[in-house]
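The structure appears below as structure tokens.
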Amino acid sequence: MFELSKELEKLAMEGTPIHVSLIGTGKMGTYFAQSIGATTGMELDIACDIDIEKAQNAMEETGVDKSRIERCETAEDAEKALKSGKKVITTKLEVATGAERIQVVCESTGAPEIYATAGIQAIQNKKHYVAMCAEGDVCIGNIMNMWARNAGVVYTGIYGDEPGSAMLQYYEAKAIGLDVLAIGRSDMGGSQIKWNRDTIQAELDKYGVVYENKSLYASFCDGSKT
């Protein structure tokens, strides 16, 4: 971890950044895109979403002028666009997972079936796969990791969401000689189970949060998701 920034700076100086595609450009995906775009030594080359306007907005959020963004429907067309200095948006998973230049495929959909399909495609194409979908990971993450190892690539969750953050704390604690007995987190609402998609709006208003999936946000607050 301590050498990561130095390695990324080295890649940037050598002109060999890590080329990334992102699948899913909702709220979390857009944050993901901004993070990739701001990271030295990484380039967000492709943004993929079933809503092409969201993909466009996410790419622009990284600081790319709209004149440099091209919509592509095949991996071959995407590769041509990237070679000409363009950035790519698409609705097709196979573009994000199959373009030759892409080294790392990131998933931020929250949809287990998309997580699985994109992961299989990415691994088959010898791309590293970084997934945000914890729901998919708890179902087939171990299998996905096995496939990735057999293919010589990396499968992992993200650092920043609960699973990655919990593991970082675990390894830090182990490194200083502590015995870790349990890992967890408190929920946002003191385990009050009164919230559901019909009652959560007051809580959203309280914190000024705009969240389309109210059922999911309610699960954050009552602790049932974790």
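Labels used: A, B, ... for chains in the order of the structure tokens, numbers from 1 for residues in each chain, and numbers from 1 for ligands as shown.
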
Non-local contacts of Thr109 of chain A (10 Å; only C-alpha atoms; under 4 positions in same chain excluded) as a compact mmCIF listing (two decimals) with all heavy atoms, in the first residue's frame:
```
# COMPACT_ATOMS: atom_id res chain seq x y z
N LEU A 22 -15.13 1.11 -17.04
CA LEU A 22 -16.06 1.12 -15.90
C LEU A 22 -17.45 0.74 -16.37
O LEU A 22 -17.97 1.34 -17.32
CB LEU A 22 -16.08 2.51 -15.25
CG LEU A 22 -17.11 2.73 -14.14
CD1 LEU A 22 -16.81 1.84 -12.93
CD2 LEU A 22 -17.14 4.20 -13.71
N ILE A 23 -18.05 -0.23 -15.71
CA ILE A 23 -19.41 -0.67 -16.03
C ILE A 23 -20.34 -0.25 -14.90
O ILE A 23 -20.16 -0.66 -13.75
CB ILE A 23 -19.46 -2.20 -16.21
CG1 ILE A 23 -18.54 -2.62 -17.35
CG2 ILE A 23 -20.89 -2.67 -16.46
CD1 ILE A 23 -18.29 -4.12 -17.41
N GLY A 24 -21.32 0.60 -15.23
CA GLY A 24 -22.24 1.12 -14.22
C GLY A 24 -21.86 2.52 -13.81
O GLY A 24 -20.84 2.72 -13.16
N THR A 25 -22.66 3.50 -14.23
CA THR A 25 -22.30 4.90 -13.96
C THR A 25 -23.43 5.65 -13.27
O THR A 25 -23.78 6.76 -13.62
CB THR A 25 -21.92 5.63 -15.27
OG1 THR A 25 -22.97 5.47 -16.24
CG2 THR A 25 -20.63 5.07 -15.84
N GLY A 26 -24.02 4.98 -12.27
CA GLY A 26 -24.98 5.67 -11.41
C GLY A 26 -24.23 6.55 -10.41
O GLY A 26 -23.12 7.01 -10.68
N LYS A 27 -24.82 6.75 -9.23
CA LYS A 27 -24.19 7.62 -8.24
C LYS A 27 -22.82 7.09 -7.83
O LYS A 27 -21.81 7.80 -7.91
CB LYS A 27 -25.09 7.74 -7.00
CG LYS A 27 -24.54 8.67 -5.92
CD LYS A 27 -25.45 8.73 -4.73
CE LYS A 27 -26.72 9.51 -5.01
NZ LYS A 27 -26.47 10.96 -5.18
N MET A 28 -22.76 5.82 -7.40
CA MET A 28 -21.48 5.26 -6.96
C MET A 28 -20.52 5.12 -8.13
O MET A 28 -19.31 5.34 -7.99
CB MET A 28 -21.69 3.91 -6.28
CG MET A 28 -22.45 3.98 -4.97
SD MET A 28 -21.68 5.07 -3.75
CE MET A 28 -20.17 4.19 -3.43
N GLY A 29 -21.04 4.73 -9.29
CA GLY A 29 -20.19 4.58 -10.46
C GLY A 29 -19.56 5.89 -10.88
O GLY A 29 -18.39 5.93 -11.29
N ASP A 49 -22.91 1.94 -19.62
CA ASP A 49 -24.15 1.95 -18.86
C ASP A 49 -25.31 1.73 -19.82
O ASP A 49 -25.22 2.13 -20.99
CB ASP A 49 -24.33 3.29 -18.12
CG ASP A 49 -25.33 3.20 -16.98
OD1 ASP A 49 -26.54 3.17 -17.25
OD2 ASP A 49 -24.89 3.15 -15.82
N GLU A 113 -26.42 -10.07 -11.61
CA GLU A 113 -26.34 -10.74 -12.91
C GLU A 113 -25.39 -10.02 -13.86
O GLU A 113 -24.67 -10.66 -14.64
CB GLU A 113 -27.74 -10.86 -13.54
CG GLU A 113 -28.40 -9.56 -13.93
CD GLU A 113 -29.17 -8.89 -12.79
OE1 GLU A 113 -28.92 -9.22 -11.60
OE2 GLU A 113 -30.02 -8.03 -13.08
N ILE A 114 -25.34 -8.68 -13.78
CA ILE A 114 -24.40 -7.92 -14.60
C ILE A 114 -22.98 -8.12 -14.09
O ILE A 114 -22.03 -8.31 -14.86
CB ILE A 114 -24.75 -6.42 -14.61
CG1 ILE A 114 -26.16 -6.21 -15.16
CG2 ILE A 114 -23.73 -5.64 -15.44
CD1 ILE A 114 -26.36 -6.68 -16.59
N TYR A 115 -22.83 -8.10 -12.77
CA TYR A 115 -21.54 -8.39 -12.14
C TYR A 115 -20.97 -9.71 -12.64
O TYR A 115 -19.79 -9.81 -13.00
CB TYR A 115 -21.72 -8.41 -10.62
CG TYR A 115 -20.80 -9.33 -9.86
CD1 TYR A 115 -19.57 -8.89 -9.40
CD2 TYR A 115 -21.18 -10.66 -9.61
CE1 TYR A 115 -18.73 -9.74 -8.69
CE2 TYR A 115 -20.34 -11.51 -8.91
CZ TYR A 115 -19.12 -11.05 -8.45
OH TYR A 115 -18.29 -11.91 -7.77
N ALA A 131 -14.65 -5.43 -8.58
CA ALA A 131 -16.11 -5.40 -8.46
C ALA A 131 -16.56 -4.65 -7.21
O ALA A 131 -15.98 -4.81 -6.14
CB ALA A 131 -16.66 -6.82 -8.43
N MET A 132 -17.62 -3.86 -7.37
CA MET A 132 -18.23 -3.19 -6.24
C MET A 132 -19.46 -3.94 -5.73
O MET A 132 -19.94 -3.68 -4.63
CB MET A 132 -18.64 -1.76 -6.63
CG MET A 132 -19.13 -0.92 -5.47
SD MET A 132 -19.66 0.75 -5.94
CE MET A 132 -18.10 1.54 -6.23
N CYS A 133 -19.97 -4.89 -6.50
CA CYS A 133 -21.23 -5.56 -6.17
C CYS A 133 -21.01 -6.62 -5.08
O CYS A 133 -20.73 -7.78 -5.39
CB CYS A 133 -21.84 -6.18 -7.42
SG CYS A 133 -23.44 -6.96 -7.12
```

Practice task
Name all residues at most 9 Å from Glu135 of chain A (count only C-alpha atoms; drop same-chain ones fewer than 5 positions away) and give them as a VMD selection string.
Solution key: chain A and resid 110 to 112

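Using only C-alpha atoms, the shortest contact distance between Val180 of chain A and any of A:Thr117, A:Ala166, A:Cys72, A:Ala58 is found at A:Ala166.
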
| request: Skip Arg71 of chain A itself and residues of its chain fewer than 3 positions away, then list as a PyMOL selection string all residues within 12 Å of it, counting only C-alpha atoms. | output: chain A and resi 45-49+52-53+55-56+59+66-68+74-75+77-82+86-92+95-96

When DSSP works through the backbone of this structure, what residues of segment 147-199 of chain A end up as helix (DSSP H, G or I), shown as a ChimeraX atom specification?
/A:147-151,162-175

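All residues of segment 48-179 of chain A that DSSP, run on the backbone, classes as strand (DSSP E) are Cys48, Ile69, Glu70, Arg71, Lys87, Val88, Ile89, Thr90, Val104, Val105, Cys106, Glu107, His128, Tyr129, Val130, Ala131, Tyr155, Thr156 and Gly157 of chain A.
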
Restricting it to C-alpha atoms, dump the selection as a short mmCIF file (atom, residue, chain, number, x, y, z; two decimals), in the first residue's frame.
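This is the output file again.cif:
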```cif
data_model
loop_
_atom_site.label_atom_id
_atom_site.label_comp_id
_atom_site.auth_asym_id
_atom_site.auth_seq_id
_atom_site.Cartn_x
_atom_site.Cartn_y
_atom_site.Cartn_z
CA CYS A 48 -20.52 1.62 -19.94
CA ILE A 69 -16.08 11.30 -26.23
CA GLU A 70 -17.30 8.80 -28.83
CA ARG A 71 -20.10 6.24 -28.58
CA LYS A 87 -12.66 8.30 -24.83
CA VAL A 88 -15.47 5.80 -25.29
CA ILE A 89 -19.00 5.45 -23.95
CA THR A 90 -21.17 2.43 -24.67
CA VAL A 104 -8.70 -3.52 -15.78
CA VAL A 105 -12.50 -3.79 -15.85
CA CYS A 106 -14.31 -2.14 -12.93
CA GLU A 107 -17.93 -2.96 -12.09
CA HIS A 128 -8.24 -7.84 -14.18
CA TYR A 129 -11.70 -7.48 -12.60
CA VAL A 130 -12.55 -5.07 -9.76
CA ALA A 131 -16.11 -5.40 -8.46
CA TYR A 155 -10.22 -10.54 -9.10
CA THR A 156 -10.91 -8.23 -6.17
CA GLY A 157 -13.42 -5.98 -4.47
#
```

| request: Choose the residue, out of A:Gly119, A:Tyr159, A:Val153, A:Ala38, that has the smallest atom-to-atom separation from Gly141 of chain A; count only C-alpha atoms. | output: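 Smallest distance to Gly141 of chain A is found for A:Gly119.
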